[in-house]
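See below for the structure under consideration.
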Amino acid sequence: MSDNATLPVGAEAVRDKGYWLAYRFLILRRLSQAFFLSLFLLGPWFGIWWVKGNLSGSLTFDILPLTDPFIALQGIVAGHWPEMTALIGALIVGAVYALIGGRLYCSWVCPINPVTDAASWLHRKLDLPKGWQPKRGTKYFMLAMVLGVSVVTGTVAWEFVNPISMLHRGLIFGAGFAWALVIGVFLFDLVLARRGWCGHLCPVGAFYGLLGNKSLLRVTAQKRAACDDCMDCFAVCPEMQVITPALRGKEADTPLILSPDCTNCGRCIDVCAVDVFHFTHRFDETPAPGRVRDRTNPAPKVGKAA
Amino acid sequence: MSATSTQPKNPARRRFLQDAARGTAGCAVAGMTLAWFVQDARALPDRAIRPPGALPEDDFLAACIRCGLCVRDCPYDTLVLAELGVDGAATGTPFFTARDVPCEMCEDIPCVAACPTGALDKELTDIDDSRMGLAVLIDQENCLNALGLRCDVCYRVCPVIDEAITLERRHNERSGHHAIFMPVVHSDHCTGCGKCEKSCVLPGEAAIKVLPIRVAQADQAEHYKRSWEENTPLVDEIIDLPDRLPGTGTDNLVAPGGFEPSFKLPKGATTGGVGQ
């Protein structure tokens with residue numbers, strides 16, 4: 001591990017690249033999240049009804065219907081075949097995320113993301129133990145469970161507890177006690193399980209991950225040869241296991257982060273002082289030499305630490 | 001066989017099976033919790049009235065994605081989305097409270113038109129056909145009309161006046177020489193819009209309330225015939241029953257005619273019977 005690993009996370013990037021480049025994608029993501037939320041708030045707050053509804057289903061400019069495909073799927077397995085409007089909306093949303101990047105939704109749109117990011121930030125500041133770490137596959141079991149309960153109860157089951165739609169709908173239509181669920185997710189991530197909700201449990205994230213399994217937009221560790229083992233990317237990545245195969249890969253291994261768990265948040269690009277990462281598409285075949293390692297001082301096994 | 005026999009032959013397979021078993025068990029627990037919660041949360045309170053055209057509650061919760069587009073297109077702000085822990089209806093689903101803001105029964109039914117999934121059924125094209133609930137004159141002790149006064153407000157505001165609510169004249173037993181104009185709701189015309197409940201002049205709770213049909217209406221008993229409504233006799237054709245003729249008859253024990261009793265009556269009984 002390099003000396004840089006002892007520096008605070010991201011400090012080196014700020015020093016070498018400046019504040020904007022060291023926080024670019026974080027700022028853009030917050031702007032994107034605010035943008036999508038404000039689209040929905042323009043109506044109730046300012047009477048500008050460009051977009052009506054919420055993330056579960058909406059109508060833009062009175063012509064473009066959008067529907068959450070996961071909610072539509074639950075409705076279908078619960079026994080209701082939706083009308084064409086909702087079907088078209090679900091197909092549009094599904095196609096966009098399948099094409100661009102499934103979990104792009106998680107990091108650029110989902111209103112819970114700032115909440116879990118805040119929990120993660122505080123977790124790092126307070127240097128808390130990582131706590132319960134359910135297996136990565138747990139979210140797929142959750143996904144199957146939600147669909148199963150939808151079938152059995154004949155309802156859109158996840159919507160009874162989904163903190164995403166409760167928070168989003170709450171901000172637009174009135175929350176009631178939905179904020180309690182949001183605080184619950186925050187505390188869960190802070191105290192019980194570091195990065196526990198979005199990456200390990202949330203069935204919506206699991207669904208969008210599967211949806212975007214073959215999506216185009218990818219982060220690549222193309223300049224991985226320059227990596228100086230500062231570990232900052234692992235510290236900020238909400239799905240750090242996705243970095244290892246690309247960053248630590250050998251010559252023949254692809255530098256592309258192809259895991260459906262990657263949310264395309266771009267934080268690794270921000271915090272890397274030596275610019276190992278950048279956004280590209282999945283067919284990018286730019287050669288990416290692996291690192292030349294000093295045999296007398298082999299790189300530590302970081303995969304486990306991650 | 002030595003210590004190796006306790007080692008699994010195929011560790012990866014064993015790990016997979018263990019993980020799968022743990023995941024399945026965890027999901028079963030989480031799934032049962034969620035299912036229990038869903039069962040609990042789906043109970044619709046009697047005061048929450050669904051929008052016009054809403055599917056029956058069980059189907060509605062499979063169809064409604066809780067997007068709120070019906071709420072947005074309701075021109076009278078009648079509809080609201082249920083808030084967690086505040087309103088009893090399933091979180092995020094649309095409903096209205098008649099005493100607060102009743103349904104104005106728009107002719108173009110914009111809430112139904114806005115619904116993207118069909119949770120509000122587009123088969124409903126005439127708002128007069130909607131059955132959001134059924135008005136019930138629930139407090140006949142405090143209703144002013146029932147007391148013999150002429151309030152009539154519920155009757156006057158009813159959009160289906162003289163069909164959904166009629167005033168039926170009865171004798172006022174209390175005064176002895178006045179009339180009571182009793183508001184009577186007819187389920188074949190009441191849409192459950194709630195305008196009567198909204199405008200009931202009593203303070204606080206209304207004497208007439210819109211209730212969900214499942215609460216307000218009893219099932220018609222199949223085995224009771226309403227002969228005045230349907231001309232379907234119990235039997236298909238006239239049955240020719242034995243005629244009872246005057247004089248000696250089959251039921252005349254004292255003087256049985258054409259009837260041979262299985263017992264021997266004591267002497268004298270034939271002339272001095274009970275009925276004679």
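Quick note on naming: the chains in the structure tokens go A, B, ... in the order shown, residues restart at 1 in each chain, and ligands are numbered from 1 in order of appearance.
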
**Message:** Can you work out which residues from chain A touch chain B at a cut-off of 6 Å (counting only C-alpha atoms) and hand them back as a PyMOL selection string?
**Reply:** chain A and resi 53-54+56-57+75+78+80+82-83+85-86+145+149+154-156+175-178

**Message:** With DSSP run on the backbone, what are the helix (DSSP H, G or I) residues within stretch 158-204 of chain B? I'd like them as a PyMOL selection string.
**Reply:** chain B and resi 195-199

**Asked** Please, what distance in Å, to one decimal, runs between atom CA of A:Pro289 and atom CA of A:Arg224?
**Response**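 Computing the Euclidean distance for atom CA of A:Pro289 and atom CA of A:Arg224 yields 7.2 Å.
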
Neighbouring residues of stretch 35-42 of chain A were defined as those with any atom within 10 Å, considering only C-alpha atoms; residues of the same chain fewer than 3 positions away were excluded. Please report them as a PDB file with N, CA, C and O atoms, in the first residue's frame.
```
ATOM      1  N   ARG A  29     -23.886  14.355 -10.176  1.00  0.00           N
ATOM      2  CA  ARG A  29     -24.923  13.418  -9.716  1.00  0.00           C
ATOM      3  C   ARG A  29     -25.929  14.102  -8.806  1.00  0.00           C
ATOM      4  O   ARG A  29     -27.129  13.886  -8.923  1.00  0.00           O
ATOM      5  N   ARG A  30     -25.414  14.922  -7.901  1.00  0.00           N
ATOM      6  CA  ARG A  30     -26.342  15.646  -7.020  1.00  0.00           C
ATOM      7  C   ARG A  30     -27.231  16.571  -7.851  1.00  0.00           C
ATOM      8  O   ARG A  30     -28.427  16.702  -7.581  1.00  0.00           O
ATOM      9  N   LEU A  31     -26.646  17.198  -8.852  1.00  0.00           N
ATOM     10  CA  LEU A  31     -27.451  18.060  -9.721  1.00  0.00           C
ATOM     11  C   LEU A  31     -28.497  17.237 -10.464  1.00  0.00           C
ATOM     12  O   LEU A  31     -29.647  17.649 -10.609  1.00  0.00           O
ATOM     13  N   SER A  32     -28.081  16.068 -10.940  1.00  0.00           N
ATOM     14  CA  SER A  32     -29.021  15.203 -11.656  1.00  0.00           C
ATOM     15  C   SER A  32     -30.164  14.771 -10.747  1.00  0.00           C
ATOM     16  O   SER A  32     -31.339  14.815 -11.122  1.00  0.00           O
ATOM     17  N   TRP A  45     -45.210  22.994  -6.550  1.00  0.00           N
ATOM     18  CA  TRP A  45     -44.664  24.188  -5.909  1.00  0.00           C
ATOM     19  C   TRP A  45     -44.916  25.462  -6.710  1.00  0.00           C
ATOM     20  O   TRP A  45     -45.178  26.507  -6.140  1.00  0.00           O
ATOM     21  N   PHE A  46     -44.785  25.363  -8.024  1.00  0.00           N
ATOM     22  CA  PHE A  46     -44.863  26.591  -8.827  1.00  0.00           C
ATOM     23  C   PHE A  46     -45.980  26.556  -9.866  1.00  0.00           C
ATOM     24  O   PHE A  46     -46.115  27.476 -10.657  1.00  0.00           O
ATOM     25  N   GLY A  47     -46.734  25.486  -9.883  1.00  0.00           N
ATOM     26  CA  GLY A  47     -47.841  25.422 -10.823  1.00  0.00           C
ATOM     27  C   GLY A  47     -47.416  25.183 -12.258  1.00  0.00           C
ATOM     28  O   GLY A  47     -48.194  25.409 -13.180  1.00  0.00           O
ATOM     29  N   ILE A  48     -46.162  24.744 -12.462  1.00  0.00           N
ATOM     30  CA  ILE A  48     -45.693  24.451 -13.818  1.00  0.00           C
ATOM     31  C   ILE A  48     -45.778  22.940 -14.023  1.00  0.00           C
ATOM     32  O   ILE A  48     -44.934  22.182 -13.553  1.00  0.00           O
ATOM     33  N   TRP A  49     -46.813  22.522 -14.727  1.00  0.00           N
ATOM     34  CA  TRP A  49     -47.084  21.081 -14.784  1.00  0.00           C
ATOM     35  C   TRP A  49     -46.437  20.426 -15.996  1.00  0.00           C
ATOM     36  O   TRP A  49     -47.104  19.834 -16.821  1.00  0.00           O
ATOM     37  N   TRP A  50     -45.111  20.550 -16.097  1.00  0.00           N
ATOM     38  CA  TRP A  50     -44.426  19.839 -17.174  1.00  0.00           C
ATOM     39  C   TRP A  50     -44.460  18.342 -16.929  1.00  0.00           C
ATOM     40  O   TRP A  50     -44.682  17.544 -17.815  1.00  0.00           O
ATOM     41  N   VAL A  51     -44.228  17.994 -15.693  1.00  0.00           N
ATOM     42  CA  VAL A  51     -44.200  16.579 -15.323  1.00  0.00           C
ATOM     43  C   VAL A  51     -45.200  16.363 -14.199  1.00  0.00           C
ATOM     44  O   VAL A  51     -45.187  17.087 -13.211  1.00  0.00           O
ATOM     45  N   LYS A  52     -46.076  15.382 -14.386  1.00  0.00           N
ATOM     46  CA  LYS A  52     -47.038  15.039 -13.349  1.00  0.00           C
ATOM     47  C   LYS A  52     -46.763  13.625 -12.871  1.00  0.00           C
ATOM     48  O   LYS A  52     -46.315  12.781 -13.640  1.00  0.00           O
ATOM     49  N   GLY A  53     -47.096  13.372 -11.606  1.00  0.00           N
ATOM     50  CA  GLY A  53     -46.947  12.021 -11.075  1.00  0.00           C
ATOM     51  C   GLY A  53     -45.716  11.904 -10.212  1.00  0.00           C
ATOM     52  O   GLY A  53     -45.320  12.848  -9.538  1.00  0.00           O
ATOM     53  N   ASN A  54     -45.117  10.717 -10.208  1.00  0.00           N
ATOM     54  CA  ASN A  54     -43.873  10.515  -9.464  1.00  0.00           C
ATOM     55  C   ASN A  54     -43.068   9.422 -10.149  1.00  0.00           C
ATOM     56  O   ASN A  54     -43.392   9.018 -11.270  1.00  0.00           O
ATOM     57  N   LEU A  55     -42.022   8.954  -9.494  1.00  0.00           N
ATOM     58  CA  LEU A  55     -41.132   7.979 -10.142  1.00  0.00           C
ATOM     59  C   LEU A  55     -41.846   6.662 -10.455  1.00  0.00           C
ATOM     60  O   LEU A  55     -41.412   5.915 -11.319  1.00  0.00           O
ATOM     61  N   SER A  58     -45.479   8.546 -14.425  1.00  0.00           N
ATOM     62  CA  SER A  58     -45.557   9.989 -14.652  1.00  0.00           C
ATOM     63  C   SER A  58     -46.028  10.263 -16.070  1.00  0.00           C
ATOM     64  O   SER A  58     -46.068   9.376 -16.927  1.00  0.00           O
ATOM     65  N   THR A  60     -45.247  13.356 -18.890  1.00  0.00           N
ATOM     66  CA  THR A  60     -44.451  14.544 -19.179  1.00  0.00           C
ATOM     67  C   THR A  60     -45.031  15.267 -20.383  1.00  0.00           C
ATOM     68  O   THR A  60     -45.262  14.639 -21.419  1.00  0.00           O
ATOM     69  N   TRP A 108     -27.935   8.212 -10.130  1.00  0.00           N
ATOM     70  CA  TRP A 108     -28.209   9.503 -10.753  1.00  0.00           C
ATOM     71  C   TRP A 108     -29.651   9.970 -10.576  1.00  0.00           C
ATOM     72  O   TRP A 108     -29.967  11.124 -10.842  1.00  0.00           O
ATOM     73  N   VAL A 109     -30.559   9.092 -10.205  1.00  0.00           N
ATOM     74  CA  VAL A 109     -31.977   9.466 -10.114  1.00  0.00           C
ATOM     75  C   VAL A 109     -32.548   9.191  -8.722  1.00  0.00           C
ATOM     76  O   VAL A 109     -33.223  10.039  -8.143  1.00  0.00           O
ATOM     77  N   CYS A 110     -32.276   8.015  -8.192  1.00  0.00           N
ATOM     78  CA  CYS A 110     -32.958   7.556  -6.971  1.00  0.00           C
ATOM     79  C   CYS A 110     -32.789   8.547  -5.820  1.00  0.00           C
ATOM     80  O   CYS A 110     -31.675   8.945  -5.485  1.00  0.00           O
ATOM     81  N   PRO A 111     -33.895   8.960  -5.184  1.00  0.00           N
ATOM     82  CA  PRO A 111     -33.806   9.943  -4.100  1.00  0.00           C
ATOM     83  C   PRO A 111     -33.233   9.373  -2.806  1.00  0.00           C
ATOM     84  O   PRO A 111     -32.886  10.140  -1.907  1.00  0.00           O
ATOM     85  N   HIS A 168     -39.926   9.828  -2.386  1.00  0.00           N
ATOM     86  CA  HIS A 168     -40.184  10.644  -3.566  1.00  0.00           C
ATOM     87  C   HIS A 168     -41.625  11.134  -3.567  1.00  0.00           C
ATOM     88  O   HIS A 168     -41.906  12.322  -3.736  1.00  0.00           O
ATOM     89  N   ARG A 169     -42.558  10.213  -3.341  1.00  0.00           N
ATOM     90  CA  ARG A 169     -43.965  10.594  -3.302  1.00  0.00           C
ATOM     91  C   ARG A 169     -44.227  11.529  -2.137  1.00  0.00           C
ATOM     92  O   ARG A 169     -45.006  12.477  -2.239  1.00  0.00           O
ATOM     93  N   LEU A 171     -42.208  13.746  -0.833  1.00  0.00           N
ATOM     94  CA  LEU A 171     -41.777  15.116  -1.124  1.00  0.00           C
ATOM     95  C   LEU A 171     -42.759  15.813  -2.039  1.00  0.00           C
ATOM     96  O   LEU A 171     -42.933  17.030  -1.989  1.00  0.00           O
ATOM     97  N   ILE A 172     -43.424  15.048  -2.907  1.00  0.00           N
ATOM     98  CA  ILE A 172     -44.297  15.653  -3.909  1.00  0.00           C
ATOM     99  C   ILE A 172     -45.740  15.751  -3.422  1.00  0.00           C
ATOM    100  O   ILE A 172     -46.417  16.738  -3.638  1.00  0.00           O
ATOM    101  N   PHE A 173     -46.206  14.696  -2.752  1.00  0.00           N
ATOM    102  CA  PHE A 173     -47.629  14.643  -2.394  1.00  0.00           C
ATOM    103  C   PHE A 173     -47.867  14.785  -0.895  1.00  0.00           C
ATOM    104  O   PHE A 173     -48.991  14.916  -0.464  1.00  0.00           O
TER     105      PHE A 173
END
```

**Message:** Env of B:Glu168: 8 Å cut, atoms = only C-alpha atoms, seq-sep filter 4 positions within chain, self excluded. Answer as an NGL selection string.
**Reply:** :B and (180-184)

**Asked** Could you name the residues that touch B:Ser175 at 10 Å or less, counting only C-alpha atoms, but leaving out those on the same chain fewer than 4 positions away, as an NGL selection string?
**Response** :B and (148 or 171 or 179)

**Å distance separating atom CA of A:Gly199 from atom CA of A:Ala11, one decimal place** = 25.6 Å

**Prompt:** Which of these residues is nearest to A:Glu285, using only C-alpha atoms: A:Thr220, A:Thr244, A:Leu21, A:Val182?
**Reply:** A:Thr220
